[in-house]
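File shown: input31.csv. Contents: CSV, C-alpha atoms and all ligand atoms.
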chain,number,residue,atom,x,y,z
A,166,MET,CA,49.2,5.1,58.1
A,167,ALA,CA,51.6,2.9,60.1
A,168,VAL,CA,54.1,1.7,57.6
A,169,TYR,CA,57.6,2.0,59.2
A,170,THR,CA,59.2,-0.7,57.0
A,171,GLU,CA,58.9,-1.0,53.3
A,172,VAL,CA,59.1,-4.5,51.7
A,173,SER,CA,60.3,-5.1,48.2
A,174,ASP,CA,58.4,-7.4,45.8
A,175,GLU,CA,61.3,-9.9,45.8
A,176,GLU,CA,61.5,-10.0,49.6
A,177,LEU,CA,57.7,-10.5,49.8
A,178,THR,CA,57.6,-13.2,47.2
A,179,ARG,CA,60.4,-15.1,49.0
A,180,PHE,CA,58.7,-14.7,52.4
A,181,VAL,CA,55.2,-15.8,51.2
A,182,ALA,CA,56.8,-18.9,49.5
A,183,GLY,CA,57.5,-20.2,53.0
A,184,TYR,CA,53.7,-20.6,53.5
A,185,ASP,CA,51.0,-22.7,52.0
A,186,ILE,CA,48.9,-19.7,51.0
A,187,GLY,CA,49.5,-19.5,47.3
A,188,ALA,CA,51.1,-16.7,45.3
A,189,VAL,CA,50.8,-13.0,46.2
A,190,LEU,CA,48.1,-11.2,44.3
A,191,ALA,CA,48.3,-7.8,46.1
A,192,CYS,CA,49.9,-6.2,49.1
A,193,LYS,CA,48.9,-2.8,50.5
A,194,GLY,CA,50.1,-0.8,53.5
A,195,ILE,CA,47.3,-0.3,56.0
A,196,ALA,CA,46.2,3.2,56.9
A,197,GLU,CA,45.7,2.5,60.6
A,198,GLY,CA,47.6,1.6,63.8
A,199,VAL,CA,50.6,3.2,65.2
A,200,GLU,CA,52.8,0.4,66.6
A,201,ASN,CA,53.7,-2.0,63.9
A,202,THR,CA,53.8,-2.1,60.1
A,203,ASN,CA,50.8,-3.8,58.7
A,204,TYR,CA,50.0,-4.9,55.2
A,205,LEU,CA,46.8,-6.3,53.8
A,206,LEU,CA,48.0,-9.3,51.8
A,207,ARG,CA,45.9,-10.9,49.2
A,208,THR,CA,47.0,-14.3,47.9
A,209,GLU,CA,45.5,-17.1,45.8
A,210,LYS,CA,44.1,-18.5,49.1
A,211,GLY,CA,42.4,-15.3,50.4
A,212,SER,CA,43.1,-12.2,52.5
A,213,PHE,CA,45.6,-12.1,55.3
A,214,ILE,CA,47.4,-9.5,57.5
A,215,LEU,CA,51.2,-9.3,57.2
A,216,THR,CA,52.7,-7.7,60.3
A,217,LEU,CA,56.3,-6.6,60.7
A,218,TYR,CA,57.0,-6.0,64.4
A,219,GLU,CA,58.5,-2.6,65.2
A,220,LYS,CA,60.3,-0.9,68.1
A,221,ARG,CA,58.1,-1.6,71.1
A,222,VAL,CA,57.7,-5.3,70.4
A,223,ARG,CA,60.6,-7.4,71.8
A,224,ARG,CA,61.3,-10.5,69.7
A,225,GLU,CA,61.3,-12.8,72.7
A,226,ASP,CA,57.7,-11.7,73.5
A,227,LEU,CA,56.3,-12.7,70.1
A,228,PRO,CA,55.6,-16.4,71.0
A,229,PHE,CA,53.5,-15.1,74.0
A,230,PHE,CA,51.3,-13.0,71.6
A,231,LEU,CA,51.0,-15.5,68.8
A,232,ASP,CA,50.4,-18.5,71.1
A,233,LEU,CA,47.8,-16.4,73.0
A,234,MET,CA,45.8,-15.8,69.8
A,235,GLU,CA,45.9,-19.6,69.1
A,236,HIS,CA,44.8,-20.3,72.7
A,237,LEU,CA,41.9,-17.8,72.6
A,238,ALA,CA,40.7,-18.9,69.2
A,239,GLY,CA,40.8,-22.5,70.5
A,240,ARG,CA,38.5,-21.4,73.4
A,241,GLY,CA,36.0,-19.7,71.1
A,242,VAL,CA,37.2,-16.1,71.3
A,243,SER,CA,36.9,-14.5,67.9
A,244,CYS,CA,40.4,-13.3,67.0
A,245,PRO,CA,42.9,-13.7,64.2
A,246,LEU,CA,45.0,-16.9,64.0
A,247,PRO,CA,48.7,-16.9,63.2
A,248,VAL,CA,49.2,-18.8,59.9
A,249,ARG,CA,52.0,-21.4,60.3
A,250,ARG,CA,54.7,-21.7,57.7
A,251,ARG,CA,55.5,-25.0,56.0
A,252,ASP,CA,58.2,-25.6,58.6
A,253,GLY,CA,55.6,-25.1,61.4
A,254,ALA,CA,56.9,-21.8,62.6
A,255,ALA,CA,54.4,-18.9,63.2
A,256,LEU,CA,57.2,-16.3,63.1
A,257,GLY,CA,59.6,-15.4,60.3
A,258,GLU,CA,61.9,-12.6,59.3
A,259,LEU,CA,61.2,-10.0,56.6
A,260,ALA,CA,63.0,-6.9,55.6
A,261,GLY,CA,65.2,-7.3,58.7
A,262,ARG,CA,62.2,-7.4,61.1
A,263,PRO,CA,60.4,-10.2,62.9
A,264,ALA,CA,57.2,-10.8,60.8
A,265,ALA,CA,54.1,-13.0,60.9
A,266,ILE,CA,51.0,-13.6,58.7
A,267,ILE,CA,47.7,-13.8,60.6
A,268,THR,CA,44.2,-14.5,59.4
A,269,PHE,CA,42.0,-11.6,58.3
A,270,LEU,CA,39.1,-10.9,60.6
A,271,GLU,CA,35.9,-9.6,59.0
A,272,GLY,CA,34.4,-6.4,60.4
A,273,VAL,CA,35.0,-2.8,60.9
A,274,TRP,CA,35.8,-0.8,64.0
A,275,ILE,CA,33.4,1.8,65.4
A,276,ARG,CA,34.5,5.4,65.1
A,277,ARG,CA,31.8,6.7,67.5
A,278,PRO,CA,30.9,3.9,69.9
A,279,HIS,CA,27.3,3.9,71.3
A,280,VAL,CA,26.1,2.4,74.6
A,281,GLU,CA,25.5,-1.0,73.0
A,282,HIS,CA,29.0,-1.2,71.7
A,283,CYS,CA,30.3,-0.5,75.2
A,284,ALA,CA,28.2,-3.3,76.6
A,285,ALA,CA,29.5,-5.6,73.9
A,286,VAL,CA,33.1,-4.8,74.5
A,287,GLY,CA,32.6,-5.3,78.3
A,288,ARG,CA,31.3,-8.8,77.6
A,289,ALA,CA,34.0,-9.6,75.1
A,290,LEU,CA,36.8,-8.4,77.5
A,291,ALA,CA,35.4,-10.6,80.3
A,292,ALA,CA,35.1,-13.6,78.0
A,293,MET,CA,38.7,-13.1,76.9
A,294,HIS,CA,39.8,-13.0,80.5
A,295,LEU,CA,38.0,-16.2,81.3
A,296,ALA,CA,39.3,-17.9,78.1
A,297,ALA,CA,42.8,-17.0,79.0
A,298,LEU,CA,42.7,-18.3,82.6
A,299,ASP,CA,44.4,-21.5,81.6
A,300,TYR,CA,46.9,-19.9,79.2
A,301,ALA,CA,50.3,-21.0,80.3
A,302,GLY,CA,52.2,-18.1,78.9
A,303,ARG,CA,53.4,-15.3,81.3
A,304,ARG,CA,54.6,-11.9,80.3
A,305,PRO,CA,55.1,-9.2,83.0
A,306,ASN,CA,53.6,-5.8,81.9
A,307,ALA,CA,56.6,-3.7,80.8
A,308,LEU,CA,54.2,-0.7,80.7
A,309,SER,CA,53.0,-0.8,84.3
A,310,VAL,CA,54.2,1.3,87.3
A,311,PRO,CA,57.9,0.3,87.3
A,312,GLY,CA,58.1,1.0,83.5
A,313,TRP,CA,56.4,4.4,83.6
A,314,GLY,CA,59.4,6.4,85.0
A,315,PRO,CA,61.9,5.1,82.4
A,316,LEU,CA,59.2,5.7,79.7
A,317,PHE,CA,58.8,9.3,80.8
A,318,ALA,CA,62.6,9.7,80.7
A,319,GLN,CA,62.4,9.3,77.0
A,320,ALA,CA,60.5,12.6,76.9
A,321,GLU,CA,63.5,14.1,78.6
A,322,GLY,CA,62.2,17.4,79.9
A,323,ARG,CA,60.3,18.1,76.7
A,324,ALA,CA,56.8,17.4,78.1
A,325,ASP,CA,56.1,21.1,78.6
A,326,THR,CA,56.6,21.8,74.9
A,327,VAL,CA,53.5,19.7,74.3
A,328,GLN,CA,51.4,21.2,77.1
A,329,PRO,CA,52.6,23.7,79.8
A,330,GLY,CA,52.6,22.1,83.2
A,331,LEU,CA,52.7,18.5,81.8
A,332,ASP,CA,56.1,17.7,83.2
A,333,ALA,CA,55.0,18.5,86.8
A,334,ALA,CA,51.7,16.8,86.4
A,335,VAL,CA,53.3,13.5,85.2
A,336,ARG,CA,55.9,13.6,88.1
A,337,GLU,CA,53.1,14.0,90.7
A,338,GLU,CA,51.2,11.2,89.1
A,339,LEU,CA,54.2,8.9,89.0
A,340,ALA,CA,54.7,9.5,92.8
A,341,PHE,CA,51.0,8.8,93.5
A,342,HIS,CA,51.1,5.4,91.8
A,343,ALA,CA,54.4,4.4,93.4
A,344,ALA,CA,52.5,4.8,96.7
A,345,HIS,CA,48.9,3.7,95.8
A,346,TRP,CA,49.0,1.0,93.1
A,347,PRO,CA,47.0,-2.0,94.3
A,348,GLY,CA,48.9,-5.2,95.1
A,349,GLU,CA,46.3,-7.9,95.8
A,350,LEU,CA,43.9,-8.0,92.9
A,351,PRO,CA,43.1,-11.0,90.6
A,352,VAL,CA,45.7,-11.3,87.9
A,353,GLY,CA,45.5,-13.0,84.5
A,354,THR,CA,46.2,-12.4,80.8
A,355,ILE,CA,45.0,-9.0,79.8
A,356,HIS,CA,44.7,-7.4,76.3
A,357,ALA,CA,46.0,-4.1,77.6
A,358,ASP,CA,45.1,-2.1,74.5
A,359,LEU,CA,41.4,-2.8,73.8
A,360,PHE,CA,40.6,0.5,72.1
A,361,PRO,CA,37.8,0.9,69.6
A,362,ASP,CA,40.2,0.3,66.7
A,363,ASN,CA,41.0,-3.2,68.1
A,364,VAL,CA,37.4,-4.4,68.3
A,365,PHE,CA,35.5,-5.3,65.2
A,366,PHE,CA,31.7,-5.3,64.5
A,367,LEU,CA,29.9,-6.8,61.6
A,368,ARG,CA,26.4,-5.7,60.7
A,369,GLY,CA,26.1,-4.0,64.2
A,370,ARG,CA,27.2,-7.1,66.1
A,371,PHE,CA,30.5,-7.8,67.8
A,372,SER,CA,32.7,-9.8,65.5
A,373,GLY,CA,36.1,-10.1,67.2
A,374,LEU,CA,39.3,-8.7,68.8
A,375,ILE,CA,42.6,-7.9,67.2
A,376,ASP,CA,46.1,-6.5,68.1
A,377,PHE,CA,47.3,-8.6,71.1
A,378,TYR,CA,50.8,-7.0,71.0
A,379,PHE,CA,50.5,-5.3,74.4
A,380,ALA,CA,48.9,-8.4,76.0
A,381,CYS,CA,50.6,-9.4,79.3
A,382,THR,CA,50.0,-10.8,82.7
A,383,ASP,CA,48.5,-8.1,84.9
A,384,ILE,CA,45.6,-7.1,87.1
A,385,LEU,CA,42.3,-8.1,85.2
A,386,ALA,CA,40.5,-5.0,86.5
A,387,TYR,CA,43.2,-2.8,85.0
A,388,ASP,CA,42.1,-4.0,81.6
A,389,VAL,CA,38.6,-2.8,82.5
A,390,ALA,CA,40.0,0.5,83.5
A,391,ILE,CA,41.8,0.8,80.1
A,392,CYS,CA,38.5,0.2,78.3
A,393,LEU,CA,36.6,2.8,80.4
A,394,ASN,CA,39.2,5.3,79.2
A,395,ALA,CA,39.1,4.2,75.6
A,396,TRP,CA,35.3,3.7,75.2
A,397,CYS,CA,33.4,5.9,77.6
A,398,PHE,CA,34.7,9.4,77.1
A,399,GLU,CA,33.1,11.8,74.5
A,400,PRO,CA,35.2,13.7,71.9
A,401,ASP,CA,35.2,16.7,74.3
A,402,GLN,CA,36.7,14.3,77.0
A,403,ALA,CA,33.6,14.4,79.2
A,404,TYR,CA,33.0,11.0,80.8
A,405,ASN,CA,29.8,9.3,79.7
A,406,ALA,CA,28.5,7.4,82.8
A,407,THR,CA,25.8,5.7,80.7
A,408,LYS,CA,28.5,4.1,78.5
A,409,GLY,CA,30.5,3.3,81.6
A,410,ARG,CA,27.5,1.6,83.2
A,411,ALA,CA,26.9,-0.4,80.0
A,412,LEU,CA,30.6,-1.5,79.8
A,413,LEU,CA,30.8,-2.5,83.4
A,414,ALA,CA,27.5,-4.3,83.4
A,415,GLY,CA,28.5,-6.1,80.2
A,416,TYR,CA,31.8,-7.2,81.8
A,417,ARG,CA,30.1,-8.2,85.1
A,418,SER,CA,27.5,-10.3,83.3
A,419,VAL,CA,30.3,-12.6,82.2
A,420,ARG,CA,32.9,-12.2,85.0
A,421,PRO,CA,31.9,-10.7,88.3
A,422,LEU,CA,34.1,-8.0,89.8
A,423,SER,CA,35.0,-8.3,93.5
A,424,GLU,CA,34.5,-5.5,95.9
A,425,ALA,CA,38.2,-5.0,96.0
A,426,GLU,CA,38.4,-4.7,92.2
A,427,ILE,CA,35.5,-2.2,92.2
A,428,ALA,CA,37.1,-0.1,94.9
A,429,ALA,CA,40.4,0.0,93.0
A,430,LEU,CA,38.9,1.2,89.7
A,431,PRO,CA,39.6,4.9,90.3
A,432,VAL,CA,43.3,4.3,90.9
A,433,LEU,CA,43.5,1.8,88.0
A,434,ALA,CA,41.8,4.3,85.7
A,435,ARG,CA,44.3,7.0,86.7
A,436,GLY,CA,47.1,4.5,86.0
A,437,ALA,CA,45.6,3.6,82.6
A,438,ALA,CA,45.3,7.2,81.7
A,439,LEU,CA,48.9,7.9,82.6
A,440,ARG,CA,50.2,4.8,80.7
A,441,PHE,CA,48.6,6.0,77.4
A,442,LEU,CA,49.5,9.6,78.1
A,443,LEU,CA,53.2,8.5,78.4
A,444,THR,CA,53.4,6.3,75.3
A,445,ARG,CA,51.6,9.0,73.3
A,446,LEU,CA,53.9,11.7,74.6
A,447,VAL,CA,57.0,9.7,73.8
A,448,ASP,CA,55.7,8.9,70.3
A,449,TRP,CA,54.6,12.5,69.7
A,450,LEU,CA,58.1,13.7,70.5
A,451,ASN,CA,59.9,11.0,68.5
A,452,VAL,CA,58.2,10.4,65.1
A,453,PRO,CA,60.8,8.5,63.0
A,454,PRO,CA,61.7,10.5,59.9
A,455,GLY,CA,59.9,9.3,56.8
A,456,ALA,CA,57.5,7.0,58.8
A,457,LEU,CA,53.9,7.0,57.5
A,458,VAL,CA,52.2,7.4,60.9
A,459,LYS,CA,49.9,9.9,62.6
A,460,PRO,CA,50.9,10.1,66.3
A,461,LYS,CA,48.0,10.2,68.8
A,462,ASP,CA,47.3,13.2,71.0
A,463,PRO,CA,48.8,12.9,74.5
A,464,VAL,CA,46.7,15.8,75.9
A,465,GLU,CA,43.5,13.8,75.4
A,466,TYR,CA,44.8,11.4,78.0
A,467,LEU,CA,45.9,14.3,80.4
A,468,LYS,CA,42.2,15.4,80.3
A,469,LYS,CA,41.0,11.8,81.2
A,470,LEU,CA,43.6,11.7,84.0
A,471,ARG,CA,42.3,15.0,85.4
A,472,PHE,CA,38.8,13.5,85.4
A,473,HIS,CA,39.9,10.4,87.4
A,474,GLN,CA,41.9,12.5,89.8
A,475,ARG,CA,38.6,14.2,90.8
A,476,VAL,CA,36.5,11.0,91.1
A,477,ALA,CA,35.5,10.3,94.7
A,478,GLY,CA,34.7,6.6,94.2
A,479,ALA,CA,33.9,3.9,91.7
A,480,ALA,CA,30.2,4.7,91.8
A,481,GLU,CA,30.9,7.7,89.6
A,482,TYR,CA,31.9,5.3,86.7
A,483,GLY,CA,28.2,4.3,86.6
A,484,LEU,CA,28.4,1.1,88.5
A,485,ASP,CA,25.0,-0.6,89.2
A,486,ALA,CA,24.8,-2.0,92.7
B,501,LIG,N1,43.5,-9.8,61.6
B,501,LIG,C1,43.1,-8.6,61.1
B,501,LIG,N2,42.0,-8.7,60.3
B,501,LIG,C2,41.6,-7.5,59.6
B,501,LIG,N3,42.2,-6.3,59.8
B,501,LIG,C3,43.2,-6.2,60.6
B,501,LIG,C4,43.7,-7.4,61.3
B,501,LIG,N4,44.8,-7.0,62.0
B,501,LIG,C5,45.0,-5.7,61.7
B,501,LIG,N5,44.1,-5.2,60.9
B,501,LIG,C6,43.9,-3.9,60.3
B,501,LIG,O1,45.1,-3.2,60.6
B,501,LIG,C7,44.9,-2.1,61.4
B,501,LIG,C8,46.1,-1.9,62.3
B,501,LIG,O2,46.3,-3.1,63.1
B,501,LIG,P1,46.8,-3.1,64.6
B,501,LIG,O3,47.1,-4.5,65.0
B,501,LIG,O4,45.9,-2.3,65.4
B,501,LIG,O5,48.2,-2.2,64.4
B,501,LIG,P2,49.2,-1.9,65.5
B,501,LIG,O6,50.0,-3.1,65.8
B,501,LIG,O7,50.0,-0.8,64.8
B,501,LIG,O8,48.5,-1.4,66.7
B,501,LIG,C9,43.6,-2.3,62.1
B,501,LIG,O9,43.0,-1.2,62.5
B,501,LIG,C10,42.9,-3.1,61.0
B,501,LIG,O10,42.4,-2.1,60.1
B,502,LIG,N1,45.8,2.4,71.6
B,502,LIG,C1,47.0,3.2,71.7
B,502,LIG,C2,47.9,3.2,70.6
B,502,LIG,C3,48.4,1.9,70.1
B,502,LIG,O1,47.4,1.1,69.5
B,502,LIG,P1,47.0,1.0,67.9
B,502,LIG,O2,46.1,-0.2,67.9
B,502,LIG,O3,46.2,2.3,67.6
B,502,LIG,O4,48.2,0.9,67.1
B,502,LIG,C4,46.6,4.7,72.0
B,502,LIG,O5,45.5,5.1,71.6
B,502,LIG,O6,47.4,5.4,72.5

Representation of the structure as structure tokens:
Amino acid sequence: MAVYTEVSDEELTRFVAGYDIGAVLACKGIAEGVENTNYLLRTEKGSFILTLYEKRVRREDLPFFLDLMEHLAGRGVSCPLPVRRRDGAALGELAGRPAAIITFLEGVWIRRPHVEHCAAVGRALAAMHLAALDYAGRRPNALSVPGWGPLFAQAEGRADTVQPGLDAAVREELAFHAAHWPGELPVGTIHADLFPDNVFFLRGRFSGLIDFYFACTDILAYDVAICLNAWCFEPDQAYNATKGRALLAGYRSVRPLSEAEIAALPVLARGAALRFLLTRLVDWLNVPPGALVKPKDPVEYLKKLRFHQRVAGAAEYGLDA
């Protein structure tokens, strides 16, 4: 359960009184997510998500995320909407943290995605990329190549306690990306964390996207690579090319991928694997005392990285011609 910050009844009542959503009927910590504190809030006007933004979220980035949700929803992307306070602000302060209330999205996330879910997420990702083309907000990706070295420094020589050889493996990979990261691919607003737990389905059909708190301005095909990692590996970390083919075909049915984007997929997928390996490693080694959170396994992403290192070309991801 990700609840880093407890909220007293008095604080909550005062906070919610700033909104036009009626009185609080119930508020429960949510047993999912690892980044922020989330509560399911029920009021006289319905169900909402109350989020208190934690360590990785910089306060100055919050308008980018909240405005992006409004922009996407306005362009027909199914995603939560920030609820505005009576004074018009989408962002407030609760228990010493920046906090917002967003609308509740109906649906559930899929624990064991099938091929059709991968196709649906490919389509949804491409639709999000297109809908965000005219989004004016810009946010450089703090978790791209220049950020990976400083992130790894937070594991301070402790990587081998998690997996022998991990320290050297990460150092080699950092050097590889410093030399090979592609520079000329189409850039736009990316979700950057579109894992199965951030995509909802209702009665078997795609119902929407959540959790835009890693969204940033970066290479669009990098977002595709993140999804290949998150959706197309089996629990034993074997790559499933049928799922990969479905995800890529779904994406390309909405937004074509250029030859350069396709050629770059193996490097982007390696980078995506390293990025999540690093955040998971740092989180694994630094669980805040008393926090109700289950850190995610970094070694899972080392295995994915090893797969991409062996890939000879993008065709291995299951690309149709
Ligand atoms: N708008 C929403 N509608 C419904 N459920 C939500 C919504 N936002 C978050 N949740 C629930 O909270 C969980 C954690 O949210 P998430 O944004 O992924 O957390 P984190 O910021 O820690 O990554 C989700 O898996 C989902 O169960
Ligand atoms: N998706 C990341 C963790 C952060 O996302 P959350 O939505 O699960 O809080 C990972 O799997 O490492």

At a cut-off of 10 Å, using all atoms listed in the file, what residues contact stretch 257-261 of chain A? Leave out same-chain residues fewer than 2 positions from it and give the result as a ChimeraX atom specification. /A:170-173,176-177,179-181,183,216-218,249-250,254-255,263-266

Expected selection as a PyMOL selection string for ligand LIG 502 (chain B) within 6 Å, all atoms listed in the file: chain A and resi 198-200+358+360+363+441+445

Can you work out which residues are within 10 Å of ligand LIG 501 (chain B), considering only C-alpha atoms and all ligand atoms, and then hand them over as a PyMOL selection string? chain A and resi 166-169+194-205+212-219+221-222+244-247+266-274+358-365+373-379+458

Distance query A:Met293 at most 12 Å, all atoms listed in the file, self and fewer than 6 positions along chain excluded, as a PDB file with C-alpha atoms, keeping the file's coordinate frame:
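Output saved as out_38.pdb:
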ATOM      1  CA  LEU A 233      47.800 -16.400  73.000  1.00  0.00           C
ATOM      2  CA  MET A 234      45.800 -15.800  69.800  1.00  0.00           C
ATOM      3  CA  HIS A 236      44.800 -20.300  72.700  1.00  0.00           C
ATOM      4  CA  LEU A 237      41.900 -17.800  72.600  1.00  0.00           C
ATOM      5  CA  ALA A 238      40.700 -18.900  69.200  1.00  0.00           C
ATOM      6  CA  GLY A 239      40.800 -22.500  70.500  1.00  0.00           C
ATOM      7  CA  ARG A 240      38.500 -21.400  73.400  1.00  0.00           C
ATOM      8  CA  GLY A 241      36.000 -19.700  71.100  1.00  0.00           C
ATOM      9  CA  VAL A 242      37.200 -16.100  71.300  1.00  0.00           C
ATOM     10  CA  SER A 243      36.900 -14.500  67.900  1.00  0.00           C
ATOM     11  CA  CYS A 244      40.400 -13.300  67.000  1.00  0.00           C
ATOM     12  CA  VAL A 286      33.100  -4.800  74.500  1.00  0.00           C
ATOM     13  CA  GLY A 287      32.600  -5.300  78.300  1.00  0.00           C
ATOM     14  CA  ASP A 299      44.400 -21.500  81.600  1.00  0.00           C
ATOM     15  CA  TYR A 300      46.900 -19.900  79.200  1.00  0.00           C
ATOM     16  CA  GLY A 353      45.500 -13.000  84.500  1.00  0.00           C
ATOM     17  CA  THR A 354      46.200 -12.400  80.800  1.00  0.00           C
ATOM     18  CA  ILE A 355      45.000  -9.000  79.800  1.00  0.00           C
ATOM     19  CA  HIS A 356      44.700  -7.400  76.300  1.00  0.00           C
ATOM     20  CA  ALA A 357      46.000  -4.100  77.600  1.00  0.00           C
ATOM     21  CA  LEU A 359      41.400  -2.800  73.800  1.00  0.00           C
ATOM     22  CA  GLY A 373      36.100 -10.100  67.200  1.00  0.00           C
ATOM     23  CA  LEU A 374      39.300  -8.700  68.800  1.00  0.00           C
ATOM     24  CA  ILE A 375      42.600  -7.900  67.200  1.00  0.00           C
ATOM     25  CA  PHE A 377      47.300  -8.600  71.100  1.00  0.00           C
ATOM     26  CA  ALA A 380      48.900  -8.400  76.000  1.00  0.00           C
ATOM     27  CA  LEU A 385      42.300  -8.100  85.200  1.00  0.00           C
ATOM     28  CA  ASP A 388      42.100  -4.000  81.600  1.00  0.00           C
ATOM     29  CA  VAL A 389      38.600  -2.800  82.500  1.00  0.00           C
ATOM     30  CA  TYR A 416      31.800  -7.200  81.800  1.00  0.00           C
ATOM     31  CA  VAL A 419      30.300 -12.600  82.200  1.00  0.00           C
ATOM     32  CA  ARG A 420      32.900 -12.200  85.000  1.00  0.00           C
TER      33      ARG A 420
END

Atom CA of A:Leu190 to atom CA of A:Glu209, distance in Å rounded to a single decimal: 6.6 Å

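In terms of minimum interatomic distance to A:Gln319, A:Asp448 ranks closest within A:Asp448, A:Ala182, A:Leu484, A:Leu422, counting all atoms listed in the file.
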
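Ranking A:Cys283, A:Leu467, A:Leu227, A:Ile275 by their shortest atom-to-atom distance to A:Trp396, with all atoms listed in the file included, puts A:Cys283 first.
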
So the first atom is atom CA of A:Gly483 and the second is atom CA of A:Glu349; what is the distance between them in Å, to one decimal place?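 Value for the atom CA of A:Gly483-atom CA of A:Glu349 distance: 23.7 Å.
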
Could you pull the residues within 8 Å of A:Leu470, counting only C-alpha atoms, minus those fewer than 4 positions along the same chain, as a list of chain:residue names?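 Close residues of A:Leu470: A:Ala434, A:Arg435, A:Ala438, A:Leu439, A:Tyr466, A:Gln474.
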
In Å, with one decimal, what is the gap from atom CA of A:His342 to atom CA of A:Phe398? 22.4 Å

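Of the listed residues (A:Leu367, A:Val310, A:Val189, A:Ala297), A:Val310 comes nearest to A:Phe341; the distances count only C-alpha atoms.
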
Rank A:Pro454, A:Gly409, A:Gly436, A:Pro460 by their smallest atom-to-atom distance to A:Pro278, using all atoms listed in the file, and report the top residue only.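 For A:Pro278, the nearest of the candidates is A:Gly409.
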
Which residue of A:Arg475, A:His279, A:Arg323, A:Arg417 approaches A:Val447 most closely, using all atoms listed in the file: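 Looking only at the distances to A:Val447, the closest residue turns out to be A:Arg323.
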
When you look at A:Leu443 with a cut-off of 12 Å (counting all atoms listed in the file), what residues show up, excluding the ones that are within fewer than 3 positions of it in the same chain? I need them as a PyMOL selection string. chain A and resi 308-310+312-321+324+327+331-332+334-336+338-339+436-440+446-450+461-467+470

For stretch 325-339 of chain A, supply N, CA and C atoms and report the output as a CSV table (one decimal), in the coordinates of the input.
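And here is the file that came out, rebuild.csv:
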chain,number,residue,atom,x,y,z
A,325,ASP,N,56.7,19.8,78.6
A,325,ASP,CA,56.1,21.1,78.6
A,325,ASP,C,56.0,21.8,77.2
A,326,THR,N,56.7,21.3,76.3
A,326,THR,CA,56.6,21.8,74.9
A,326,THR,C,55.3,21.3,74.3
A,327,VAL,N,54.7,20.2,74.8
A,327,VAL,CA,53.5,19.7,74.3
A,327,VAL,C,52.3,20.4,75.0
A,328,GLN,N,52.5,20.6,76.3
A,328,GLN,CA,51.4,21.2,77.1
A,328,GLN,C,52.1,21.8,78.4
A,329,PRO,N,52.0,23.1,78.6
A,329,PRO,CA,52.6,23.7,79.8
A,329,PRO,C,52.1,23.0,81.0
A,330,GLY,N,53.0,22.7,81.9
A,330,GLY,CA,52.6,22.1,83.2
A,330,GLY,C,52.6,20.6,83.2
A,331,LEU,N,52.8,20.0,82.0
A,331,LEU,CA,52.7,18.5,81.8
A,331,LEU,C,53.8,17.8,82.6
A,332,ASP,N,55.0,18.4,82.6
A,332,ASP,CA,56.1,17.7,83.2
A,332,ASP,C,55.8,17.5,84.7
A,333,ALA,N,55.3,18.6,85.4
A,333,ALA,CA,55.0,18.5,86.8
A,333,ALA,C,53.9,17.5,87.1
A,334,ALA,N,52.9,17.6,86.2
A,334,ALA,CA,51.7,16.8,86.4
A,334,ALA,C,52.1,15.3,86.3
A,335,VAL,N,52.9,14.9,85.4
A,335,VAL,CA,53.3,13.5,85.2
A,335,VAL,C,54.2,13.1,86.5
A,336,ARG,N,55.1,14.0,86.9
A,336,ARG,CA,55.9,13.6,88.1
A,336,ARG,C,55.0,13.3,89.3
A,337,GLU,N,54.0,14.2,89.5
A,337,GLU,CA,53.1,14.0,90.7
A,337,GLU,C,52.4,12.7,90.5
A,338,GLU,N,51.9,12.4,89.3
A,338,GLU,CA,51.2,11.2,89.1
A,338,GLU,C,52.0,9.9,89.3
A,339,LEU,N,53.3,10.0,88.9
A,339,LEU,CA,54.2,8.9,89.0
A,339,LEU,C,54.4,8.6,90.5
